[in-house]
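Below is the file coords.pdb, which contains PDB, C-alpha atoms and all ligand atoms.
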```
ATOM      1  CA  MET A   1      -2.828 -15.691  30.147  1.00  0.00           C
ATOM      2  CA  SER A   2      -4.778 -13.405  32.492  1.00  0.00           C
ATOM      3  CA  GLN A   3      -7.833 -15.685  32.179  1.00  0.00           C
ATOM      4  CA  THR A   4      -5.815 -18.652  33.516  1.00  0.00           C
ATOM      5  CA  ASN A   5      -4.669 -16.582  36.475  1.00  0.00           C
ATOM      6  CA  GLN A   6      -8.233 -15.501  37.204  1.00  0.00           C
ATOM      7  CA  LEU A   7      -9.509 -19.113  37.048  1.00  0.00           C
ATOM      8  CA  SER A   8      -6.866 -20.397  39.443  1.00  0.00           C
ATOM      9  CA  TYR A   9      -7.580 -17.475  41.727  1.00  0.00           C
ATOM     10  CA  SER A  10     -11.332 -18.295  41.682  1.00  0.00           C
ATOM     11  CA  SER A  11     -10.753 -21.977  42.434  1.00  0.00           C
ATOM     12  CA  PHE A  12      -8.429 -20.910  45.194  1.00  0.00           C
ATOM     13  CA  LEU A  13     -11.237 -18.839  46.715  1.00  0.00           C
ATOM     14  CA  GLY A  14     -13.736 -21.665  46.267  1.00  0.00           C
ATOM     15  CA  ASP A  15     -11.769 -24.011  48.565  1.00  0.00           C
ATOM     16  CA  LYS A  16     -12.081 -23.652  52.260  1.00  0.00           C
ATOM     17  CA  ILE A  17      -8.702 -22.831  53.650  1.00  0.00           C
ATOM     18  CA  TYR A  18      -7.998 -22.924  57.340  1.00  0.00           C
ATOM     19  CA  ILE A  19      -5.246 -21.224  59.210  1.00  0.00           C
ATOM     20  CA  GLU A  20      -4.115 -21.878  62.747  1.00  0.00           C
ATOM     21  CA  LEU A  21      -4.339 -19.010  65.233  1.00  0.00           C
ATOM     22  CA  ASP A  22      -3.652 -19.635  68.918  1.00  0.00           C
ATOM     23  CA  GLU A  23      -3.874 -23.406  68.365  1.00  0.00           C
ATOM     24  CA  THR A  24      -7.360 -23.238  66.829  1.00  0.00           C
ATOM     25  CA  GLU A  25      -8.149 -23.600  63.147  1.00  0.00           C
ATOM     26  CA  ILE A  26     -10.142 -20.747  61.642  1.00  0.00           C
ATOM     27  CA  GLU A  27     -11.540 -20.572  58.110  1.00  0.00           C
ATOM     28  CA  LEU A  28      -9.518 -18.057  56.154  1.00  0.00           C
ATOM     29  CA  SER A  29     -12.610 -16.161  54.990  1.00  0.00           C
ATOM     30  CA  LYS A  30     -13.581 -15.519  58.627  1.00  0.00           C
ATOM     31  CA  VAL A  31     -10.189 -14.138  59.624  1.00  0.00           C
ATOM     32  CA  THR A  32     -10.249 -10.386  60.087  1.00  0.00           C
ATOM     33  CA  SER A  33      -7.319  -8.026  60.300  1.00  0.00           C
ATOM     34  CA  LYS A  34      -8.412  -7.173  63.847  1.00  0.00           C
ATOM     35  CA  LEU A  35      -8.191 -10.855  64.842  1.00  0.00           C
ATOM     36  CA  LEU A  36      -4.751 -11.178  63.270  1.00  0.00           C
ATOM     37  CA  TYR A  37      -3.589  -8.007  65.012  1.00  0.00           C
ATOM     38  CA  LYS A  38      -4.781  -9.233  68.432  1.00  0.00           C
ATOM     39  CA  THR A  39      -3.140 -12.635  67.921  1.00  0.00           C
ATOM     40  CA  PHE A  40       0.201 -11.302  66.770  1.00  0.00           C
ATOM     41  CA  LYS A  41       0.222  -8.530  69.362  1.00  0.00           C
ATOM     42  CA  THR A  42      -0.063 -11.018  72.234  1.00  0.00           C
ATOM     43  CA  LYS A  43       2.642 -13.243  70.729  1.00  0.00           C
ATOM     44  CA  LYS A  44       5.075 -10.384  70.227  1.00  0.00           C
ATOM     45  CA  GLN A  45       5.011  -9.176  73.828  1.00  0.00           C
ATOM     46  CA  THR A  46       7.670 -10.735  75.976  1.00  0.00           C
ATOM     47  CA  PRO A  47       8.646  -9.305  79.329  1.00  0.00           C
ATOM     48  CA  PRO A  48      11.959  -7.468  79.378  1.00  0.00           C
ATOM     49  CA  SER A  49      14.888  -9.432  80.766  1.00  0.00           C
ATOM     50  CA  ALA A  50      15.328  -7.082  83.745  1.00  0.00           C
ATOM     51  CA  GLN A  51      11.768  -7.899  84.772  1.00  0.00           C
ATOM     52  CA  ASN A  52      12.540 -11.614  84.657  1.00  0.00           C
ATOM     53  CA  LYS A  53      15.704 -11.030  86.711  1.00  0.00           C
ATOM     54  CA  MET A  54      13.661  -9.218  89.375  1.00  0.00           C
ATOM     55  CA  LYS A  55      11.088 -12.034  89.459  1.00  0.00           C
ATOM     56  CA  ILE A  56      13.846 -14.588  89.994  1.00  0.00           C
ATOM     57  CA  LYS A  57      15.684 -12.532  92.602  1.00  0.00           C
ATOM     58  CA  TYR A  58      12.549 -11.486  94.516  1.00  0.00           C
ATOM     59  CA  PRO A  59       9.869 -14.137  93.870  1.00  0.00           C
ATOM     60  CA  GLN A  60       7.646 -12.817  96.683  1.00  0.00           C
ATOM     61  CA  LEU A  61       7.580  -9.316  95.183  1.00  0.00           C
ATOM     62  CA  VAL A  62       4.185  -8.301  93.780  1.00  0.00           C
ATOM     63  CA  VAL A  63       4.621  -5.515  91.260  1.00  0.00           C
ATOM     64  CA  ASP A  64       2.332  -3.811  88.759  1.00  0.00           C
ATOM     65  CA  TRP A  65       4.841  -3.887  85.882  1.00  0.00           C
ATOM     66  CA  LYS A  66       2.515  -2.141  83.456  1.00  0.00           C
ATOM     67  CA  LYS A  67       2.310   0.823  85.835  1.00  0.00           C
ATOM     68  CA  ILE A  68       6.070   0.829  86.403  1.00  0.00           C
ATOM     69  CA  TYR A  69       6.869   0.793  82.689  1.00  0.00           C
ATOM     70  CA  SER A  70       4.404   3.622  82.033  1.00  0.00           C
ATOM     71  CA  LEU A  71       5.879   5.832  84.778  1.00  0.00           C
ATOM     72  CA  PRO A  72       8.639   7.382  82.637  1.00  0.00           C
ATOM     73  CA  PHE A  73       5.958   8.631  80.252  1.00  0.00           C
ATOM     74  CA  THR A  74       3.598   9.981  82.903  1.00  0.00           C
ATOM     75  CA  VAL A  75       6.052  11.555  85.354  1.00  0.00           C
ATOM     76  CA  THR A  76       8.002  13.751  82.964  1.00  0.00           C
ATOM     77  CA  VAL A  77       8.284  14.967  79.390  1.00  0.00           C
ATOM     78  CA  GLU A  78      12.044  15.441  79.813  1.00  0.00           C
ATOM     79  CA  THR A  79      13.751  13.053  77.402  1.00  0.00           C
ATOM     80  CA  LYS A  80      16.931  12.609  79.457  1.00  0.00           C
ATOM     81  CA  ILE A  81      14.966  11.686  82.591  1.00  0.00           C
ATOM     82  CA  ARG A  82      12.867   9.226  80.596  1.00  0.00           C
ATOM     83  CA  GLU A  83      16.079   7.738  79.190  1.00  0.00           C
ATOM     84  CA  CYS A  84      17.514   7.376  82.695  1.00  0.00           C
ATOM     85  CA  GLN A  85      14.321   5.675  83.934  1.00  0.00           C
ATOM     86  CA  TYR A  86      14.347   3.372  80.916  1.00  0.00           C
ATOM     87  CA  LYS A  87      17.945   2.376  81.611  1.00  0.00           C
ATOM     88  CA  ILE A  88      17.191   1.679  85.271  1.00  0.00           C
ATOM     89  CA  LEU A  89      14.078  -0.368  84.418  1.00  0.00           C
ATOM     90  CA  ASN A  90      15.993  -2.430  81.876  1.00  0.00           C
ATOM     91  CA  ASP A  91      19.121  -2.759  84.012  1.00  0.00           C
ATOM     92  CA  ILE A  92      21.410  -1.184  81.438  1.00  0.00           C
ATOM     93  CA  VAL A  93      23.121   1.300  83.722  1.00  0.00           C
ATOM     94  CA  TYR A  94      26.868   0.762  83.555  1.00  0.00           C
ATOM     95  CA  THR A  95      27.773   0.555  87.212  1.00  0.00           C
ATOM     96  CA  ASN A  96      31.227  -0.376  88.494  1.00  0.00           C
ATOM     97  CA  ASP A  97      30.384  -4.082  88.846  1.00  0.00           C
ATOM     98  CA  LYS A  98      29.575  -4.268  85.127  1.00  0.00           C
ATOM     99  CA  LEU A  99      32.545  -2.138  84.067  1.00  0.00           C
ATOM    100  CA  PHE A 100      34.776  -4.391  86.185  1.00  0.00           C
ATOM    101  CA  ARG A 101      33.332  -7.484  84.464  1.00  0.00           C
ATOM    102  CA  PHE A 102      34.136  -5.856  81.111  1.00  0.00           C
ATOM    103  CA  LYS A 103      37.676  -5.281  82.443  1.00  0.00           C
ATOM    104  CA  MET A 104      37.352  -1.544  81.929  1.00  0.00           C
ATOM    105  CA  ILE A 105      38.116  -0.553  85.539  1.00  0.00           C
ATOM    106  CA  GLU A 106      40.323  -1.926  88.346  1.00  0.00           C
ATOM    107  CA  SER A 107      37.728  -2.389  91.087  1.00  0.00           C
ATOM    108  CA  PRO A 108      33.989  -3.176  91.282  1.00  0.00           C
ATOM    109  CA  LEU A 109      33.637  -1.242  94.554  1.00  0.00           C
ATOM    110  CA  CYS A 110      31.102   1.555  94.907  1.00  0.00           C
ATOM    111  CA  SER A 111      32.383   4.954  93.775  1.00  0.00           C
ATOM    112  CA  PHE A 112      30.803   6.615  96.814  1.00  0.00           C
ATOM    113  CA  CYS A 113      31.209   4.337  99.846  1.00  0.00           C
ATOM    114  CA  GLN A 114      33.967   1.963  98.650  1.00  0.00           C
ATOM    115  CA  LYS A 115      32.419  -0.778 100.834  1.00  0.00           C
ATOM    116  CA  GLU A 116      30.403  -2.994  98.473  1.00  0.00           C
ATOM    117  CA  ASP A 117      30.315  -3.797  94.782  1.00  0.00           C
ATOM    118  CA  GLU A 118      28.567  -1.006  92.919  1.00  0.00           C
ATOM    119  CA  SER A 119      25.464  -2.522  91.378  1.00  0.00           C
ATOM    120  CA  LEU A 120      22.298  -0.687  90.423  1.00  0.00           C
ATOM    121  CA  GLU A 121      20.559  -2.237  93.416  1.00  0.00           C
ATOM    122  CA  HIS A 122      23.362  -1.075  95.731  1.00  0.00           C
ATOM    123  CA  LEU A 123      23.232   2.475  94.379  1.00  0.00           C
ATOM    124  CA  LEU A 124      19.462   2.743  94.623  1.00  0.00           C
ATOM    125  CA  PHE A 125      18.709   0.891  97.861  1.00  0.00           C
ATOM    126  CA  HIS A 126      21.750   0.029  99.980  1.00  0.00           C
ATOM    127  CA  CYS A 127      24.481   2.638  99.600  1.00  0.00           C
ATOM    128  CA  LYS A 128      24.538   4.887 102.687  1.00  0.00           C
ATOM    129  CA  ILE A 129      25.922   7.884 100.812  1.00  0.00           C
ATOM    130  CA  THR A 130      23.350   7.848  98.007  1.00  0.00           C
ATOM    131  CA  LYS A 131      20.611   7.193 100.584  1.00  0.00           C
ATOM    132  CA  ASP A 132      21.721  10.290 102.520  1.00  0.00           C
ATOM    133  CA  PHE A 133      21.787  12.268  99.271  1.00  0.00           C
ATOM    134  CA  TRP A 134      18.220  11.305  98.366  1.00  0.00           C
ATOM    135  CA  LEU A 135      16.996  12.008 101.878  1.00  0.00           C
ATOM    136  CA  ALA A 136      18.588  15.478 101.786  1.00  0.00           C
ATOM    137  CA  PHE A 137      17.250  16.036  98.253  1.00  0.00           C
ATOM    138  CA  SER A 138      13.667  15.087  99.118  1.00  0.00           C
ATOM    139  CA  SER A 139      13.483  17.131 102.341  1.00  0.00           C
TER
HETATM  140 ZN    ZN A 201      27.975   2.558  98.018  1.00  0.00          ZN
END
```

Would you mind writing the file out in structure tokens?
Amino acid sequence: MSQTNQLSYSSFLGDKIYIELDETEIELSKVTSKLLYKTFKTKKQTPPSAQNKMKIKYPQLVVDWKKIYSLPFTVTVETKIRECQYKILNDIVYTNDKLFRFKMIESPLCSFCQKEDESLEHLLFHCKITKDFWLAFSS
């Protein structure tokens, strides 16, 4: 019984078997774990959806995304701050415009200025009250 298994295993090794990696055929005996790791690592990486949204909304914007995504890990060791940065980068901050879409609140208007819909972009870049806050905070 074990002899049969060993024979079939040997004949299996005797044949040249090719596998396809990145649209090229490579002989199985020449495939290394390092090569497989590199191939699968590049296939697994897909840009986050918030990054794609930014590229669509601001096509002229040139951004070093790798640097931006590494910032939460280089700027602080504080877990809550890293979490906040992660949420901002991935656009998963529940602002009034989202809560209004989920029908959880009555109005999408900004909690601070009450003039525009409260989106993450509004809070970070356009809202006069939060702008004044950050200016006072940084000076
Ligand atoms: Zn506002």

Within 9 Å of ligand ZN 201 (chain A), counting only C-alpha atoms and all ligand atoms: which residues, as JSON, numbers by chain? {"A": [109, 110, 111, 112, 113, 114, 115, 116, 117, 118, 119, 122, 123, 126, 127, 128, 129, 130]}

Might you pull out every residue within 10 Å of Ser29 of chain A, with only C-alpha atoms counted and same-chain residues fewer than 4 positions away left off, and present them as number ranges by chain? A: 13, 16-19

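Between atom CA of Ala136 of chain A and atom CA of Pro108 of chain A the interatomic distance comes to 26.4 Å.
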
For Ala50 of chain A, the closest of A:Asp91, A:Asp132, A:Glu106, A:Glu20 counting all atoms listed in the file is A:Asp91

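Straight-line separation from atom CA of Thr95 of chain A to atom CA of Asn52 of chain A: 19.7 Å.
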
For Tyr86 of chain A: contacts at 12 Å, all atoms listed in the file, fewer than 3 positions along chain excluded, given as a PyMOL selection string: chain A and resi 48+50+68-73+79-83+89-93

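What separates atom CA of Leu120 of chain A from atom CA of Gln85 of chain A is a distance of 12.1 Å.
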
Counting all atoms listed in the file, I want the residues whose atoms come within 12 Å of (-9.6, -12.3, 63.0) in the file frame, returned as an mmCIF file with C-alpha atoms, in the frame of the given file.
```cif
data_model
loop_
_atom_site.group_PDB
_atom_site.id
_atom_site.type_symbol
_atom_site.label_atom_id
_atom_site.label_comp_id
_atom_site.auth_asym_id
_atom_site.auth_seq_id
_atom_site.Cartn_x
_atom_site.Cartn_y
_atom_site.Cartn_z
ATOM 1 C CA ILE A 19 -5.246 -21.224 59.210
ATOM 2 C CA GLU A 20 -4.115 -21.878 62.747
ATOM 3 C CA LEU A 21 -4.339 -19.010 65.233
ATOM 4 C CA ASP A 22 -3.652 -19.635 68.918
ATOM 5 C CA THR A 24 -7.360 -23.238 66.829
ATOM 6 C CA GLU A 25 -8.149 -23.600 63.147
ATOM 7 C CA ILE A 26 -10.142 -20.747 61.642
ATOM 8 C CA GLU A 27 -11.540 -20.572 58.110
ATOM 9 C CA LEU A 28 -9.518 -18.057 56.154
ATOM 10 C CA SER A 29 -12.610 -16.161 54.990
ATOM 11 C CA LYS A 30 -13.581 -15.519 58.627
ATOM 12 C CA VAL A 31 -10.189 -14.138 59.624
ATOM 13 C CA THR A 32 -10.249 -10.386 60.087
ATOM 14 C CA SER A 33 -7.319 -8.026 60.300
ATOM 15 C CA LYS A 34 -8.412 -7.173 63.847
ATOM 16 C CA LEU A 35 -8.191 -10.855 64.842
ATOM 17 C CA LEU A 36 -4.751 -11.178 63.270
ATOM 18 C CA TYR A 37 -3.589 -8.007 65.012
ATOM 19 C CA LYS A 38 -4.781 -9.233 68.432
ATOM 20 C CA THR A 39 -3.140 -12.635 67.921
ATOM 21 C CA PHE A 40 0.201 -11.302 66.770
#
```

First collect every listed atom of segment 107-125 of chain A; then fit an axis-aligned box around them, widen it by 4 Å on each side, and give centre and edge lengths in Å to one decimal, as AutoDock Vina command-line options.
```
--center_x 28.2 --center_y 1.4 --center_z 95.6 --size_x 27.0 --size_y 18.4 --size_z 18.4
```
